[in-house]
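model_4.txt follows (compact mmCIF, C-alpha atoms):
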```txt
# COMPACT_ATOMS: atom_id res chain seq x y z
CA MET Z 1 0.00 0.00 0.00
CA SER Z 2 1.44 3.38 -0.96
CA ALA Z 3 1.77 6.29 1.45
CA ASN Z 4 -1.16 8.19 -0.08
CA SER Z 5 -3.51 5.20 -0.39
CA VAL Z 6 -6.96 5.61 1.12
CA VAL Z 7 -8.80 2.73 2.78
CA ILE Z 8 -12.60 2.66 2.94
CA GLY Z 9 -13.98 -0.46 4.59
CA GLU Z 10 -12.19 -3.40 3.00
CA TRP Z 11 -11.27 -1.45 -0.18
CA ILE Z 12 -7.80 0.01 -0.78
CA PHE Z 13 -7.69 2.90 -3.23
CA ASP Z 14 -4.11 3.17 -4.43
CA HIS Z 15 -4.53 5.94 -7.02
CA VAL Z 16 -5.52 9.23 -5.42
CA SER Z 17 -5.99 12.58 -7.15
CA TYR Z 18 -7.41 15.83 -5.74
CA ASP Z 19 -8.86 18.68 -7.82
CA VAL Z 20 -8.38 21.69 -5.54
CA ASP Z 21 -10.46 24.07 -7.67
CA ARG Z 22 -13.50 21.78 -7.68
CA ASP Z 23 -12.86 20.24 -4.21
CA VAL Z 24 -13.19 16.73 -5.62
CA LEU Z 25 -11.13 13.73 -4.49
CA TYR Z 26 -10.78 10.88 -6.99
CA LEU Z 27 -9.98 7.45 -5.52
CA SER Z 28 -9.25 4.48 -7.78
CA ILE Z 29 -8.42 0.82 -7.28
CA GLY Z 30 -5.58 0.38 -9.75
CA GLU Z 31 -5.19 2.71 -12.70
CA PRO Z 32 -8.33 4.76 -13.47
CA ARG Z 33 -10.26 3.17 -16.33
CA PRO Z 34 -13.32 3.84 -18.45
CA GLY Z 35 -16.68 3.06 -16.95
CA TYR Z 36 -19.66 4.70 -15.35
CA GLY Z 37 -20.73 6.17 -12.02
CA GLU Z 38 -23.62 5.82 -9.61
CA GLU Z 39 -24.48 8.45 -7.02
CA THR Z 40 -24.44 7.43 -3.36
CA THR Z 41 -27.04 8.59 -0.83
CA GLU Z 42 -24.37 10.99 0.48
CA GLY Z 43 -23.95 12.63 -2.95
CA HIS Z 44 -20.63 11.04 -3.93
CA ILE Z 45 -20.03 8.84 -6.98
CA LEU Z 46 -19.20 5.13 -7.00
CA ARG Z 47 -17.21 4.18 -10.09
CA TYR Z 48 -17.61 0.91 -11.99
CA ASP Z 49 -15.55 -0.26 -14.96
CA GLU Z 50 -16.93 -1.58 -18.24
CA GLN Z 51 -17.19 -5.08 -16.72
CA ASP Z 52 -19.37 -3.67 -13.89
CA GLU Z 53 -16.57 -4.14 -11.33
CA PHE Z 54 -16.36 -1.55 -8.55
CA CYS Z 55 -13.17 0.42 -9.19
CA GLY Z 56 -13.34 3.79 -7.47
CA VAL Z 57 -15.03 6.58 -5.59
CA THR Z 58 -15.34 10.27 -6.36
CA LEU Z 59 -15.81 12.33 -3.20
CA ILE Z 60 -17.58 15.62 -3.90
CA SER Z 61 -16.89 18.75 -1.76
CA VAL Z 62 -14.52 16.70 0.37
CA ARG Z 63 -12.61 19.58 2.02
CA GLU Z 64 -15.85 21.51 2.65
CA ILE Z 65 -17.41 18.47 4.34
CA LEU Z 66 -14.25 17.82 6.39
CA ASP Z 67 -14.16 21.43 7.56
CA GLU Z 68 -17.85 21.31 8.50
CA ARG Z 69 -18.16 17.83 10.03
CA GLY Z 70 -14.63 16.54 10.57
CA GLU Z 71 -15.32 13.39 8.55
CA VAL Z 72 -16.76 12.30 5.22
CA ASN Z 73 -19.38 9.56 5.06
CA VAL Z 74 -19.64 7.37 1.99
CA THR Z 75 -21.41 4.08 1.39
CA VAL Z 76 -19.38 1.61 -0.69
CA PRO Z 77 -20.45 -1.80 -1.95
CA PRO Z 78 -19.37 -4.87 0.01
CA ARG Z 79 -16.15 -6.46 -1.13
CA PRO Z 80 -16.73 -9.74 -2.97
CA GLN Z 81 -15.93 -12.74 -0.83
CA MET Z 82 -14.97 -16.23 -1.85
CA HIS Z 83 -17.38 -18.91 -0.69
CA GLU Z 84 -16.54 -22.59 -0.47
CA LEU Z 85 -19.05 -24.91 -2.06
CA PRO Z 86 -18.73 -28.42 -0.62
CA ARG Z 87 -18.63 -31.31 -3.02
CA SER Z 88 -21.76 -32.78 -1.43
CA ASP Z 89 -23.78 -29.67 -2.38
CA LEU Z 90 -22.44 -29.64 -5.93
CA ASP Z 91 -22.85 -33.39 -6.43
CA ARG Z 92 -26.57 -33.05 -5.60
CA ALA Z 93 -26.97 -30.16 -8.00
CA LEU Z 94 -25.07 -31.94 -10.78
CA ALA Z 95 -27.09 -35.11 -10.32
CA THR Z 96 -30.32 -33.25 -11.13
CA CYS Z 97 -29.02 -32.00 -14.49
```

Written form, structure tokens:
Amino acid sequence: MSANSVVIGEWIFDHVSYDVDRDVLYLSIGEPRPGYGEETTEGHILRYDEQDEFCGVTLISVREILDERGEVNVTVPPRPQMHELPRSDLDRALATC
């Protein structure tokens, strides 16, 4: 993790860029890439790449919010988790096909 990485929940954003004039903080997992955004309930933007994978967050008015509240709230999606599927469960499913 680099010195300027930002961690939100279980996500590590290793590419960080701040637009001082617009007071917008761009956080990306890996190199920024093409995709689309979805607004959070807090008014920030969650970024998804062209394969619909969560890849970043855009924090709007970040310095203003920090000065006013001392913290910035943002809701991020849960990090995907690996689940183990026991052979017994899969054998039953495969037997029905």

Near Arg22 in chain Z, within 12 Å and counting only C-alpha atoms, which residues show up once chain neighbours fewer than 6 positions away are dropped, as a count of residues only? 7

Mind listing as a VMD selection string all residues within 12 Å of (-15.3, -6.9, -0.1), counting all atoms listed in the file? chain Z and resid 7 to 12 53 to 55 76 to 82

If we count all atoms listed in the file, what is near Asp49 in chain Z at a cut-off of 12 Å, once residues fewer than 3 positions away on the same chain are taken out, given as a tab-separated table (two decimals) with C-alpha atoms, keeping the file's coordinate frame?
```tsv
chain	number	residue	atom	x	y	z
Z	28	SER	CA	-9.25	4.48	-7.78
Z	29	ILE	CA	-8.42	0.82	-7.28
Z	30	GLY	CA	-5.58	0.38	-9.75
Z	31	GLU	CA	-5.19	2.71	-12.70
Z	32	PRO	CA	-8.33	4.76	-13.47
Z	33	ARG	CA	-10.26	3.17	-16.33
Z	34	PRO	CA	-13.32	3.84	-18.45
Z	35	GLY	CA	-16.68	3.06	-16.95
Z	36	TYR	CA	-19.66	4.70	-15.35
Z	37	GLY	CA	-20.73	6.17	-12.02
Z	38	GLU	CA	-23.62	5.82	-9.61
Z	46	LEU	CA	-19.20	5.13	-7.00
Z	52	ASP	CA	-19.37	-3.67	-13.89
Z	53	GLU	CA	-16.57	-4.14	-11.33
Z	54	PHE	CA	-16.36	-1.55	-8.55
Z	55	CYS	CA	-13.17	0.42	-9.19
Z	56	GLY	CA	-13.34	3.79	-7.47
Z	57	VAL	CA	-15.03	6.58	-5.59
```

Point-to-point distance from CA of Ala3 in chain Z to CA of Glu50 in chain Z, Å rounded to tenths: 28.3 Å

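Each of Z:Leu94, Z:Ile65, Z:Val20, Z:Gly70 was checked against His44 in chain Z using all atoms listed in the file; the smallest atom-to-atom distance is that of Z:Ile65.
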
CA of Tyr18 in chain Z and CA of Asn4 in chain Z are how many Å apart? 11.4 Å

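CA of Phe13 in chain Z lies 5.6 Å from CA of Leu27 in chain Z.
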
For a quick check of understanding, using all atoms listed in the file, which of Z:Val24, Z:Gln51, Z:Ser17, Z:Thr40 has the smallest distance to Asn73 in chain Z? Z:Thr40

Axis-aligned box over every listed atom of range 20-26 of chain Z, padded by 3 Å per side: centre and edges in Å to one decimal, as lines of an AutoDock Vina configuration file?
```
center_x = -10.9
center_y = 17.5
center_z = -5.9
size_x = 11.1
size_y = 19.2
size_z = 9.5
```
